[in-house]
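Structure file final.txt (compact mmCIF, C-alpha atoms) is printed below.
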# COMPACT_ATOMS: atom_id res chain seq x y z
CA MET A 1 7.34 88.87 -24.54
CA ALA A 2 7.40 87.03 -21.26
CA GLN A 3 10.66 86.60 -19.48
CA HIS A 4 11.17 83.34 -17.59
CA GLN A 5 13.81 83.03 -14.99
CA VAL A 6 15.14 79.51 -14.52
CA ASN A 7 16.83 78.70 -11.26
CA TYR A 8 19.13 75.93 -12.40
CA LEU A 9 20.29 75.00 -8.94
CA LYS A 10 16.75 74.56 -7.59
CA ASP A 11 13.74 72.50 -8.63
CA GLY A 12 15.88 69.97 -10.47
CA GLY A 13 16.23 72.44 -13.25
CA LEU A 14 19.83 71.68 -14.07
CA PRO A 15 19.83 69.85 -17.42
CA VAL A 16 22.64 67.58 -16.24
CA ALA A 17 22.44 64.21 -14.52
CA LEU A 18 25.42 62.67 -12.84
CA THR A 19 25.76 58.90 -12.79
CA THR A 20 28.21 56.09 -13.42
CA ILE A 21 28.84 54.20 -16.64
CA ASP A 22 27.78 50.99 -14.90
CA LYS A 23 24.42 52.43 -14.02
CA VAL A 24 23.79 53.77 -17.50
CA VAL A 25 24.75 50.52 -19.17
CA ASN A 26 22.74 48.43 -16.75
CA TRP A 27 19.81 50.80 -17.07
CA GLY A 28 19.90 50.23 -20.81
CA ARG A 29 20.34 46.49 -20.52
CA SER A 30 17.69 45.96 -17.88
CA ASN A 31 15.10 48.03 -19.70
CA SER A 32 15.57 46.51 -23.13
CA ILE A 33 15.51 42.78 -22.49
CA TRP A 34 14.64 41.25 -25.80
CA ALA A 35 13.35 37.74 -25.29
CA LEU A 36 13.51 34.78 -27.61
CA THR A 37 10.12 33.35 -28.55
CA TYR A 38 10.45 30.00 -26.90
CA GLY A 39 7.00 28.64 -26.18
CA LEU A 40 7.37 24.87 -25.91
CA ALA A 41 4.00 23.99 -24.38
CA CYS A 42 1.07 25.52 -22.50
CA CYS A 43 3.32 28.01 -20.63
CA GLY A 44 3.89 29.52 -24.04
CA ILE A 45 0.27 30.66 -24.06
CA GLU A 46 0.85 32.60 -20.84
CA MET A 47 4.05 34.02 -22.31
CA MET A 48 2.13 35.17 -25.40
CA ALA A 49 -0.54 36.73 -23.17
CA SER A 50 2.22 38.59 -21.33
CA GLY A 51 3.43 39.97 -24.61
CA ALA A 52 -0.01 41.03 -25.80
CA SER A 53 -1.76 44.31 -25.04
CA ARG A 54 -3.52 43.42 -21.79
CA TYR A 55 -0.33 42.67 -19.85
CA ASP A 56 1.94 44.56 -22.25
CA PHE A 57 5.52 43.42 -21.89
CA ASP A 58 6.68 46.29 -24.09
CA ARG A 59 6.54 48.69 -21.16
CA PHE A 60 9.43 46.78 -19.59
CA GLY A 61 11.26 46.95 -22.90
CA THR A 62 10.77 43.23 -23.32
CA ILE A 63 10.11 42.57 -26.98
CA PHE A 64 9.95 39.06 -28.35
CA ARG A 65 12.39 38.31 -31.14
CA ALA A 66 12.29 35.29 -33.41
CA SER A 67 16.05 35.08 -33.79
CA PRO A 68 18.56 34.09 -31.09
CA ARG A 69 21.04 36.57 -32.56
CA GLN A 70 18.79 39.46 -31.54
CA ALA A 71 17.73 38.09 -28.17
CA GLU A 72 19.40 38.23 -24.77
CA LEU A 73 16.74 36.50 -22.70
CA MET A 74 15.49 32.98 -23.22
CA ILE A 75 12.19 32.27 -21.47
CA VAL A 76 11.95 28.49 -21.56
CA ALA A 77 8.16 28.21 -21.44
CA GLY A 78 7.09 24.59 -21.39
CA THR A 79 8.12 20.95 -21.40
CA LEU A 80 11.57 20.22 -22.77
CA THR A 81 11.71 16.79 -24.38
CA LYS A 82 14.93 14.84 -24.71
CA LYS A 83 14.65 15.06 -28.48
CA HIS A 84 14.58 18.85 -28.27
CA ALA A 85 17.42 19.20 -25.72
CA GLU A 86 20.17 19.57 -28.30
CA PHE A 87 18.26 22.30 -30.12
CA ILE A 88 17.72 24.39 -26.99
CA ARG A 89 21.44 24.13 -26.31
CA ARG A 90 22.24 25.21 -29.86
CA LEU A 91 19.89 28.19 -29.67
CA TYR A 92 21.35 29.18 -26.32
CA ASP A 93 24.86 29.05 -27.79
CA GLN A 94 23.73 31.20 -30.70
CA MET A 95 22.52 34.02 -28.41
CA THR A 96 25.02 36.83 -27.95
CA GLU A 97 26.52 37.72 -24.56
CA PRO A 98 25.29 38.96 -22.18
CA LYS A 99 22.39 36.51 -21.98
CA TRP A 100 19.98 35.31 -19.35
CA VAL A 101 17.57 32.40 -19.00
CA ILE A 102 14.24 32.24 -17.18
CA SER A 103 12.94 28.73 -16.61
CA MET A 104 9.17 29.20 -16.70
CA GLY A 105 6.82 26.70 -15.10
CA SER A 106 7.14 23.35 -13.38
CA CYS A 107 8.07 21.39 -16.50
CA ALA A 108 11.03 23.58 -17.32
CA ASN A 109 12.12 23.71 -13.67
CA THR A 110 12.07 20.03 -12.80
CA GLY A 111 10.26 18.10 -15.49
CA GLY A 112 7.02 18.70 -13.60
CA MET A 113 4.32 16.10 -13.94
CA PHE A 114 6.15 14.45 -16.87
CA ASN A 115 8.19 12.04 -14.81
CA THR A 116 8.79 9.90 -17.89
CA TYR A 117 11.54 8.63 -20.15
CA ALA A 118 11.13 11.35 -22.78
CA THR A 119 11.28 14.55 -20.71
CA VAL A 120 14.38 16.40 -19.56
CA GLN A 121 14.11 16.68 -15.77
CA GLY A 122 14.79 20.41 -15.60
CA VAL A 123 16.37 22.61 -18.26
CA ASP A 124 19.27 23.34 -15.90
CA ARG A 125 20.65 19.97 -16.99
CA VAL A 126 21.28 21.51 -20.40
CA ILE A 127 21.62 25.30 -20.05
CA PRO A 128 22.48 27.55 -17.08
CA VAL A 129 19.35 29.12 -15.59
CA ASP A 130 19.22 32.53 -13.88
CA LEU A 131 15.69 32.49 -12.55
CA TYR A 132 13.28 29.67 -11.80
CA LEU A 133 9.64 30.67 -12.04
CA PRO A 134 7.26 28.25 -10.29
CA GLY A 135 3.69 27.59 -11.37
CA CYS A 136 1.71 25.38 -13.68
CA ALA A 137 1.29 27.49 -15.66
CA PRO A 138 2.48 30.78 -14.11
CA ARG A 139 0.12 33.66 -14.75
CA PRO A 140 1.32 36.62 -16.84
CA GLU A 141 1.67 38.73 -13.68
CA THR A 142 4.08 36.13 -12.33
CA LEU A 143 6.14 36.27 -15.49
CA GLN A 144 6.18 40.04 -15.23
CA TYR A 145 7.42 39.76 -11.65
CA ALA A 146 10.11 37.33 -12.84
CA VAL A 147 11.28 39.79 -15.47
CA MET A 148 11.35 42.53 -12.82
CA MET A 149 13.47 40.32 -10.59
CA LEU A 150 15.75 39.66 -13.54
CA GLN A 151 16.01 43.43 -14.08
CA GLN A 152 17.11 43.77 -10.46
CA LYS A 153 19.69 41.07 -11.01
CA ILE A 154 21.03 42.76 -14.13
CA ARG A 155 21.31 46.10 -12.34
CA LYS A 156 23.35 44.52 -9.57
CA GLU A 157 25.90 43.06 -11.97
CA PRO A 158 29.00 45.08 -12.85
CA ALA A 159 28.51 46.17 -16.43
CA SER A 160 31.83 47.77 -17.19
CA ARG A 161 33.81 44.57 -17.00
CA ALA A 162 33.41 41.94 -19.66
CA GLN A 163 30.75 39.57 -18.47
CA LYS A 164 32.07 36.17 -17.60
CA PRO A 165 30.44 33.66 -19.95
CA LYS A 166 28.10 31.39 -18.05
CA ARG A 167 29.01 27.77 -18.05
CA LEU A 168 26.94 24.86 -16.91
CA MET A 169 30.05 22.92 -15.95
CA MET B 1 6.64 8.83 -5.52
CA ARG B 2 6.22 5.09 -5.75
CA ALA B 3 9.19 3.11 -6.99
CA TYR B 4 8.63 1.57 -10.41
CA THR B 5 8.20 -2.20 -10.39
CA PRO B 6 8.17 -4.18 -13.63
CA LYS B 7 4.69 -5.49 -14.32
CA ASP B 8 5.53 -8.17 -16.87
CA ASN B 9 6.37 -10.99 -14.44
CA VAL B 10 3.83 -10.37 -11.71
CA GLN B 11 2.14 -13.73 -12.31
CA LYS B 12 5.42 -15.63 -11.96
CA LYS B 13 6.07 -14.48 -8.43
CA SER B 14 5.36 -16.85 -5.57
CA TYR B 15 2.80 -14.50 -4.04
CA TYR B 16 0.99 -11.51 -5.32
CA THR B 17 -1.56 -9.15 -3.91
CA ASP B 18 -4.24 -9.28 -6.60
CA ARG B 19 -4.70 -13.05 -6.92
CA PHE B 20 -8.49 -12.86 -6.76
CA TRP B 21 -8.72 -10.13 -9.38
CA VAL B 22 -10.44 -11.33 -12.53
CA ALA B 23 -9.97 -9.32 -15.67
CA PRO B 24 -13.40 -8.11 -16.82
CA GLN B 25 -14.44 -9.56 -20.14
CA VAL B 26 -16.61 -7.78 -22.67
CA ALA B 27 -19.44 -10.04 -23.80
CA LYS B 28 -18.98 -11.68 -27.20
CA SER B 29 -21.69 -12.89 -29.57
CA ALA B 30 -21.68 -14.99 -32.71
CA VAL B 31 -21.15 -13.34 -36.09
CA SER B 32 -24.33 -14.99 -37.43
CA ASP B 33 -26.34 -12.57 -35.23
CA ASP B 34 -25.67 -9.76 -37.69
CA ALA B 35 -26.48 -10.32 -41.38
CA VAL B 36 -24.09 -7.64 -42.68
CA PHE B 37 -21.16 -8.98 -40.68
CA ALA B 38 -22.01 -12.56 -41.58
CA ALA B 39 -21.81 -11.73 -45.31
CA ASP B 40 -18.47 -9.97 -44.79
CA LEU B 41 -17.08 -12.89 -42.84
CA ASP B 42 -18.19 -15.35 -45.53
CA ALA B 43 -16.36 -13.28 -48.13
CA ILE B 44 -13.17 -13.40 -46.05
CA LYS B 45 -13.56 -17.10 -45.28
CA ALA B 46 -13.95 -17.92 -48.99
CA LYS B 47 -10.36 -16.85 -49.67
CA PHE B 48 -8.48 -16.83 -46.37
CA ASP B 49 -8.00 -18.84 -43.24
CA VAL B 50 -9.94 -17.29 -40.32
CA LEU B 51 -8.69 -18.31 -36.88
CA ASP B 52 -11.48 -16.70 -34.85
CA ALA B 53 -14.40 -14.33 -35.43
CA TYR B 54 -16.94 -12.79 -33.08
CA ILE B 55 -18.93 -9.63 -32.44
CA GLN B 56 -17.97 -7.44 -29.51
CA VAL B 57 -19.64 -4.07 -28.75
CA ASP B 58 -21.36 -4.08 -32.19
CA GLN B 59 -18.06 -4.54 -33.96
CA MET B 60 -16.84 -7.66 -35.72
CA VAL B 61 -13.41 -8.93 -34.74
CA VAL B 62 -11.68 -11.27 -37.19
CA VAL B 63 -8.41 -12.99 -36.33
CA ILE B 64 -6.33 -13.96 -39.35
CA HIS B 65 -2.81 -15.13 -40.18
CA ALA B 66 -0.26 -12.33 -40.17
CA ASN B 67 0.89 -12.89 -43.76
CA ASP B 68 -2.69 -12.44 -45.06
CA ASN B 69 -3.02 -8.91 -43.68
CA TYR B 70 -2.54 -7.00 -46.93
CA ALA B 71 -4.85 -9.25 -48.96
CA VAL B 72 -7.61 -9.21 -46.33
CA LEU B 73 -7.54 -5.44 -46.06
CA GLU B 74 -7.53 -5.17 -49.85
CA LEU B 75 -10.61 -7.40 -50.02
CA LEU B 76 -12.41 -5.39 -47.35
CA LYS B 77 -11.56 -2.10 -49.00
CA ASN B 78 -12.30 -2.96 -52.64
CA GLU B 79 -15.14 -5.45 -52.35
CA ARG B 80 -16.74 -4.99 -48.93
CA GLU B 81 -16.90 -1.17 -48.78
CA TYR B 82 -14.68 -0.79 -45.70
CA THR B 83 -13.02 2.24 -47.18
CA GLN B 84 -11.34 3.72 -44.12
CA LEU B 85 -8.59 2.53 -41.84
CA SER B 86 -9.40 4.50 -38.73
CA GLU B 87 -6.68 3.09 -36.50
CA MET B 88 -3.90 0.54 -36.40
CA SER B 89 -1.19 -0.31 -33.94
CA ALA B 90 0.33 -3.15 -31.96
CA ILE B 91 -0.24 -4.63 -28.49
CA ASP B 92 2.60 -6.10 -26.47
CA TRP B 93 1.81 -9.68 -25.37
CA LEU B 94 5.48 -10.66 -25.21
CA ALA B 95 5.35 -11.54 -21.52
CA THR B 96 2.42 -13.96 -21.78
CA GLU B 97 2.58 -15.28 -25.36
CA GLY B 98 5.86 -14.02 -26.76
CA LYS B 99 3.95 -12.29 -29.55
CA PHE B 100 2.79 -8.91 -30.73
CA GLU B 101 -0.85 -8.44 -31.69
CA ILE B 102 -1.37 -6.13 -34.67
CA PHE B 103 -4.85 -4.72 -35.12
CA TYR B 104 -6.47 -2.82 -37.96
CA GLN B 105 -9.67 -0.92 -37.20
CA MET B 106 -11.76 -0.52 -40.39
CA LEU B 107 -14.80 1.69 -40.96
CA SER B 108 -17.46 1.49 -43.63
CA MET B 109 -19.36 4.74 -43.99
CA ALA B 110 -21.78 3.12 -46.48
CA LYS B 111 -22.71 0.24 -44.17
CA ARG B 112 -22.18 2.18 -40.92
CA LYS B 113 -20.17 -0.73 -39.55
CA ARG B 114 -16.76 -1.22 -37.99
CA VAL B 115 -14.55 -4.29 -38.32
CA ARG B 116 -11.33 -5.06 -36.50
CA ILE B 117 -8.76 -7.31 -38.15
CA LYS B 118 -6.26 -8.88 -35.78
CA CYS B 119 -3.17 -10.95 -36.30
CA LYS B 120 -0.20 -12.03 -34.20
CA ILE B 121 3.49 -12.00 -35.01
CA ASP B 122 6.62 -13.06 -33.17
CA GLU B 123 8.98 -10.54 -31.62
CA LYS B 124 11.55 -10.59 -34.43
CA GLU B 125 9.02 -11.13 -37.22
CA ALA B 126 8.18 -8.39 -39.73
CA ILE B 127 4.76 -7.53 -41.08
CA GLN B 128 3.62 -6.41 -44.52
CA SER B 129 2.87 -2.71 -44.94
CA VAL B 130 -0.66 -1.63 -45.86
CA GLU B 131 0.49 1.85 -46.81
CA LYS B 132 -0.28 1.18 -50.51
CA LEU B 133 -3.93 0.60 -49.58
CA PHE B 134 -4.39 3.27 -46.93
CA ARG B 135 -2.17 6.33 -47.02
CA CYS B 136 -2.86 6.98 -43.33
CA ALA B 137 -1.02 3.78 -42.41
CA ASP B 138 2.26 5.52 -43.25
CA TRP B 139 2.62 7.33 -39.93
CA SER B 140 0.80 4.64 -37.93
CA GLU B 141 3.28 2.01 -39.05
CA ARG B 142 6.19 4.31 -38.32
CA GLU B 143 4.79 4.90 -34.85
CA MET B 144 4.34 1.14 -34.39
CA TYR B 145 7.99 0.66 -35.29
CA ASP B 146 9.05 3.54 -33.03
CA MET B 147 7.11 2.41 -29.98
CA PHE B 148 7.18 -1.40 -30.27
CA GLY B 149 10.04 -2.20 -32.64
CA VAL B 150 7.77 -4.01 -35.11
CA VAL B 151 9.51 -3.83 -38.48
CA VAL B 152 7.19 -3.22 -41.43
CA ASN B 153 8.17 -4.53 -44.84
CA ASN B 154 7.70 -2.50 -48.05
CA HIS B 155 7.16 0.70 -46.12
CA PRO B 156 8.34 3.77 -48.11
CA PHE B 157 10.11 5.51 -45.18
CA MET B 158 10.76 3.17 -42.27
CA LYS B 159 12.12 5.54 -39.65
CA ARG B 160 11.28 6.56 -36.10
CA ILE B 161 8.52 9.16 -35.98
CA LEU B 162 8.40 10.49 -32.38
CA MET B 163 11.62 9.54 -30.63
CA PRO B 164 15.04 10.75 -31.85
CA ASP B 165 16.66 8.69 -34.60
CA ASP B 166 19.51 7.56 -32.35
CA TRP B 167 17.19 6.40 -29.53
CA GLU B 168 17.71 2.94 -28.10
CA GLY B 169 14.77 0.83 -26.96
CA PHE B 170 11.08 0.83 -27.72
CA PRO B 171 9.14 2.81 -25.10
CA LEU B 172 5.67 1.23 -25.32
CA ARG B 173 6.88 -2.30 -24.67
CA LYS B 174 5.79 -3.54 -21.26
CA THR B 175 9.39 -4.23 -20.30
CA TYR B 176 10.48 -0.63 -20.91
CA PRO B 177 10.63 1.28 -17.60
CA LEU B 178 8.37 4.33 -17.40
CA GLN B 179 11.17 6.60 -16.26
CA GLY B 180 13.56 5.29 -18.88
CA ASP B 181 16.53 2.98 -18.89
CA GLU B 182 20.11 4.14 -18.44
CA PHE B 183 20.39 5.27 -22.05
CA ALA B 184 17.29 7.44 -21.69
CA ALA B 185 18.40 8.88 -18.35
CA TRP B 186 21.68 10.17 -19.77
CA TYR B 187 20.52 10.84 -23.34
CA GLU B 188 20.71 14.64 -23.36
CA VAL B 189 23.92 14.76 -21.34
CA ASP B 190 25.65 12.21 -23.56
CA LYS B 191 24.52 13.92 -26.73
CA ILE B 192 25.34 17.52 -25.82
CA PHE B 193 28.29 17.31 -23.44
CA GLY B 194 29.61 13.78 -23.89
CA LYS B 195 29.78 10.87 -21.50
CA GLU B 196 32.61 12.40 -19.48
CA ALA B 197 30.17 15.10 -18.28
CA ARG B 198 27.97 12.56 -16.47
CA GLU B 199 29.83 12.91 -13.18
CA ILE B 200 29.75 16.71 -13.27
CA ILE B 201 26.07 17.12 -14.12
CA GLY B 202 24.89 14.25 -11.97
CA PRO B 203 21.89 11.94 -12.17
CA GLU B 204 18.35 13.13 -12.78
CA ASN B 205 16.20 14.03 -9.80
CA ARG B 206 13.22 11.75 -10.29
CA ASP B 207 11.45 12.72 -7.08
CA PRO B 208 9.16 15.62 -7.97
CA ALA B 209 8.14 16.08 -4.34
CA ARG B 210 11.69 16.76 -3.19
CA ILE B 211 11.94 20.21 -1.68
CA ASP B 212 14.99 21.49 0.13
CA ARG B 213 13.55 24.25 2.22
CA TYR B 214 16.97 25.66 3.04
CA ASP B 215 18.27 25.68 -0.54
CA THR B 216 18.90 29.34 -1.35
CA LYS B 217 21.01 28.64 -4.42
CA ARG B 218 18.26 27.34 -6.67
CA PHE B 219 15.06 28.77 -5.24
CA ALA B 220 13.92 31.96 -3.59
CA ARG B 221 10.79 32.25 -1.48
CA LEU B 222 8.66 35.24 -2.35
CA GLY B 223 8.63 37.67 0.53
CA HIS B 224 11.68 35.99 2.08
CA GLU B 225 14.37 36.74 -0.46
CA VAL B 226 17.93 36.48 0.76
CA PRO B 227 21.24 36.79 -1.09
CA PHE B 228 22.42 33.80 -3.15
CA GLY B 229 23.67 30.94 -1.05
CA THR B 230 22.78 32.38 2.37
CA ASP B 231 22.42 29.89 5.21
CA ILE B 232 18.81 30.17 6.37
CA SER B 233 18.64 27.12 8.61
CA GLN B 234 18.29 29.51 11.60
CA GLY B 235 15.40 31.39 9.98
CA GLU B 236 15.28 34.17 7.44
CA PRO B 237 13.98 37.75 7.57
CA ASP B 238 10.73 38.86 6.00
CA THR B 239 11.34 41.17 3.09
CA PRO B 240 8.45 43.27 1.81
CA LEU B 241 7.74 42.91 -1.87
CA VAL B 242 9.66 45.78 -3.39
CA TYR B 243 9.80 46.43 -7.05
CA GLN B 244 13.01 48.39 -7.13
CA GLU B 245 16.41 48.35 -5.54
CA GLN B 246 17.11 50.17 -2.31
CA LYS B 247 18.93 53.08 -3.87
CA GLY B 248 16.56 53.47 -6.76
CA VAL B 249 17.27 53.26 -10.43
CA PHE B 250 18.72 55.90 -12.70
CA MET B 251 15.89 57.96 -14.22
CA VAL B 252 13.21 55.70 -12.73
CA ASP B 253 11.11 56.87 -9.80
CA LYS B 254 11.07 54.64 -6.78
CA PHE B 255 7.83 52.86 -6.17
CA ASP B 256 6.39 53.72 -2.77
CA THR B 257 3.41 51.78 -1.49
CA GLN B 258 2.51 54.66 0.85
CA LYS B 259 2.12 57.07 -2.03
CA SER B 260 0.25 54.71 -4.30
CA VAL B 261 -3.51 55.06 -4.66
CA VAL B 262 -5.97 52.21 -4.93
CA ILE B 263 -8.61 53.06 -7.50
CA SER B 264 -11.95 51.82 -6.24
CA ASP B 265 -14.04 52.85 -9.25
CA ARG B 266 -12.52 51.17 -12.25
CA HIS B 267 -14.92 52.88 -14.64
CA ARG B 268 -14.12 56.42 -13.52
Would you give me this structure, written as structure tokens?
Amino acid sequence: MAQHQVNYLKDGGLPVALTTIDKVVNWGRSNSIWALTYGLACCGIEMMASGASRYDFDRFGTIFRASPRQAELMIVAGTLTKKHAEFIRRLYDQMTEPKWVISMGSCANTGGMFNTYATVQGVDRVIPVDLYLPGCAPRPETLQYAVMMLQQKIRKEPASRAQKPKRLM
Amino acid sequence: MRAYTPKDNVQKKSYYTDRFWVAPQVAKSAVSDDAVFAADLDAIKAKFDVLDAYIQVDQMVVVIHANDNYAVLELLKNEREYTQLSEMSAIDWLATEGKFEIFYQMLSMAKRKRVRIKCKIDEKEAIQSVEKLFRCADWSEREMYDMFGVVVNNHPFMKRILMPDDWEGFPLRKTYPLQGDEFAAWYEVDKIFGKEAREIIGPENRDPARIDRYDTKRFARLGHEVPFGTDISQGEPDTPLVYQEQKGVFMVDKFDTQKSVVISDRHR
């Protein structure tokens, strides 16, 4: 029977990792961002492509959920009409803390080409936005980059303290 | 972005830039040119008052009184084989005539012909519903009410179809501004937060070309990221595109561009 000698102090062999609670919590949060399915217009197609096998959002831990109670990220993908504004606010309020919002595409950022009476001129008039993603429509790689930037943002935040609820005003 | 100017009173101004512009007219011909249309028109004329009738682009246009609309469409559907109502809506002529024009586009698959029935009503006048004849008129009449404010009598469910129920104004009227009146501009703020939030949230930015290059609170420039709210009016540093934080992430290896390999043969 072969005898193996393990040098625990060399070669990273020690089965112990030292870290802080903040880092562990933020590692968990940033690598399991469950996003609400919120495709409002053509950007939703790119969002769906990001979730499908070719671009594979699952490797970031981003899984789309159909319920705001199970989601912590809202990717507003598409044109927000004034009729729909109250519903996006209600869904945002129903999401549990901590929660983040990515405004995806020109329409969600500023109203985009719909400079009309029926379009909300930027979702930040209704809900607080963490990350604005430009493009019309942004490609799936861009959305992936946005989620990576959001991961960076989450890791920078102190996790041990109760997160201050975000307010628009 | 050009400022919006109302187009409904252009002709009343003392000078205007397009005074020599003549609206192109589509050629009209007499109904007697087409035997099928002539027979249809005779059938309508036998029972109803016809104000005008002509053929335009191979389609017959018949102008009738507004209160005959249901009976004329019933005649065309039951006796003249125009079994489909392909389209109906209103046109805003309030600025020039003070009236709405209501049109019904009919199609006969048996005859392979199209007929358009037109009538005019005043602004406050209501029109009879044709929903009992053509089921498809249900949503069209609701849309006509939503967009023009034309009330339809005897409709089963007279309610706005596209805009919210508590919307004020009728968006397809020529007098309605494209970017909305004051009610439209503050609609979502008033509804969600209340009118007292108007001052805090502020007016809409209607200039899509507005870019504040030095705004680091709302936008980051890829490759030039700086911390939130930094003053970059004196220039900002280039930051290489990194995919992880400086100190690395717990249990995740740091991405290093020097160590990465570019695979030239994708089919290897």
Contact residues around A:Ala146 with only C-alpha atoms at 9 Å, ignoring same-chain residues under 3 positions, as a list of chain:residue names: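 Contacts, in chain order: A:Ile102, A:Leu131, A:Tyr132, A:Leu133, A:Glu141, A:Thr142, A:Leu143, A:Met149, A:Leu150, A:Gln151.
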Residue neighbourhood B:Gly223, 8 Å, all atoms listed in the file, exclusion window fewer than 2 positions, as a list in words: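 The residues that qualify are Arg221, Glu225, Asp238, Thr239, Pro240 and Leu241 of chain B.
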Could you check which of B:Ala184, B:Val150, B:Ile201, B:Val115 is closest to B:Gln84, using all atoms listed in the file?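 That would be B:Val115, the residue with the smallest distance to B:Gln84.
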From the list B:Gln25, B:Gln105, B:Ser233, B:Gln179, which residue is nearest chain A when using only C-alpha atoms?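 For chain A, the nearest of the candidates is B:Gln179.
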What's around stretch 62-78 of chain B at 10 Å? Count all atoms listed in the file, leave out sequence neighbours fewer than 2 positions away in its own chain, and write the answer as a PDB file with C-alpha atoms, in the frame of the given file.
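Written output follows (result.pdb):
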ATOM      1  CA  VAL B  31     -21.150 -13.340 -36.090  1.00  0.00           C
ATOM      2  CA  ASP B  40     -18.470  -9.970 -44.790  1.00  0.00           C
ATOM      3  CA  LEU B  41     -17.080 -12.890 -42.840  1.00  0.00           C
ATOM      4  CA  ALA B  43     -16.360 -13.280 -48.130  1.00  0.00           C
ATOM      5  CA  ILE B  44     -13.170 -13.400 -46.050  1.00  0.00           C
ATOM      6  CA  LYS B  45     -13.560 -17.100 -45.280  1.00  0.00           C
ATOM      7  CA  LYS B  47     -10.360 -16.850 -49.670  1.00  0.00           C
ATOM      8  CA  PHE B  48      -8.480 -16.830 -46.370  1.00  0.00           C
ATOM      9  CA  ASP B  49      -8.000 -18.840 -43.240  1.00  0.00           C
ATOM     10  CA  VAL B  50      -9.940 -17.290 -40.320  1.00  0.00           C
ATOM     11  CA  LEU B  51      -8.690 -18.310 -36.880  1.00  0.00           C
ATOM     12  CA  ASP B  52     -11.480 -16.700 -34.850  1.00  0.00           C
ATOM     13  CA  ALA B  53     -14.400 -14.330 -35.430  1.00  0.00           C
ATOM     14  CA  TYR B  54     -16.940 -12.790 -33.080  1.00  0.00           C
ATOM     15  CA  ILE B  55     -18.930  -9.630 -32.440  1.00  0.00           C
ATOM     16  CA  GLN B  59     -18.060  -4.540 -33.960  1.00  0.00           C
ATOM     17  CA  MET B  60     -16.840  -7.660 -35.720  1.00  0.00           C
ATOM     18  CA  ARG B  80     -16.740  -4.990 -48.930  1.00  0.00           C
ATOM     19  CA  GLU B  81     -16.900  -1.170 -48.780  1.00  0.00           C
ATOM     20  CA  TYR B  82     -14.680  -0.790 -45.700  1.00  0.00           C
ATOM     21  CA  THR B  83     -13.020   2.240 -47.180  1.00  0.00           C
ATOM     22  CA  GLN B  84     -11.340   3.720 -44.120  1.00  0.00           C
ATOM     23  CA  LEU B  85      -8.590   2.530 -41.840  1.00  0.00           C
ATOM     24  CA  GLU B 101      -0.850  -8.440 -31.690  1.00  0.00           C
ATOM     25  CA  ILE B 102      -1.370  -6.130 -34.670  1.00  0.00           C
ATOM     26  CA  PHE B 103      -4.850  -4.720 -35.120  1.00  0.00           C
ATOM     27  CA  TYR B 104      -6.470  -2.820 -37.960  1.00  0.00           C
ATOM     28  CA  MET B 106     -11.760  -0.520 -40.390  1.00  0.00           C
ATOM     29  CA  LEU B 107     -14.800   1.690 -40.960  1.00  0.00           C
ATOM     30  CA  SER B 108     -17.460   1.490 -43.630  1.00  0.00           C
ATOM     31  CA  VAL B 115     -14.550  -4.290 -38.320  1.00  0.00           C
ATOM     32  CA  ARG B 116     -11.330  -5.060 -36.500  1.00  0.00           C
ATOM     33  CA  ILE B 117      -8.760  -7.310 -38.150  1.00  0.00           C
ATOM     34  CA  LYS B 118      -6.260  -8.880 -35.780  1.00  0.00           C
ATOM     35  CA  CYS B 119      -3.170 -10.950 -36.300  1.00  0.00           C
ATOM     36  CA  LYS B 120      -0.200 -12.030 -34.200  1.00  0.00           C
ATOM     37  CA  ILE B 121       3.490 -12.000 -35.010  1.00  0.00           C
ATOM     38  CA  ASP B 122       6.620 -13.060 -33.170  1.00  0.00           C
ATOM     39  CA  GLU B 125       9.020 -11.130 -37.220  1.00  0.00           C
ATOM     40  CA  ALA B 126       8.180  -8.390 -39.730  1.00  0.00           C
ATOM     41  CA  ILE B 127       4.760  -7.530 -41.080  1.00  0.00           C
ATOM     42  CA  GLN B 128       3.620  -6.410 -44.520  1.00  0.00           C
ATOM     43  CA  SER B 129       2.870  -2.710 -44.940  1.00  0.00           C
ATOM     44  CA  VAL B 130      -0.660  -1.630 -45.860  1.00  0.00           C
ATOM     45  CA  GLU B 131       0.490   1.850 -46.810  1.00  0.00           C
ATOM     46  CA  LYS B 132      -0.280   1.180 -50.510  1.00  0.00           C
ATOM     47  CA  LEU B 133      -3.930   0.600 -49.580  1.00  0.00           C
ATOM     48  CA  PHE B 134      -4.390   3.270 -46.930  1.00  0.00           C
TER      49      PHE B 134
END
Residues of chain B within 9 Å of chain A, all atoms listed in the file counted, as a ChimeraX atom specification: /B:162-164,171,177-181,184-185,187-189,191-193,197,200-202,204-208,218-220,243-245,249-251
Between A:Cys136, A:Val147, A:Ala35, A:Ile154, single out the one closest to A:Phe60, counting only C-alpha atoms.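 The closest residue to A:Phe60 is A:Val147.
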If you measure from atom CA of A:Ser32 to atom CA of A:Ala137, what distance in Å do you get, rounded to one decimal?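 Distance reported for this atom pair: 24.9 Å.
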Please list as a PyMOL selection string every residue within 8 Å of A:Met95, counting all atoms listed in the file and excluding residues in the same chain fewer than 3 positions away. chain A and resi 68-72+91-92+99
What is the distance between atom CA of B:Glu97 and atom CA of B:Asp58, in Å to one decimal? 27.3 Å
Top pick for closest residue to A:Ala66, considering A:Gly39, A:Pro128, A:Ala159, A:Pro98 and counting all atoms listed in the file: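 Smallest separation from A:Ala66 among the options: A:Gly39.
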Rounded to one decimal in Å, what is the spacing between atom CA of B:Asp146 and atom CA of B:Ala90?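 Straight-line distance from atom CA of B:Asp146 to atom CA of B:Ala90 works out to 11.0 Å.
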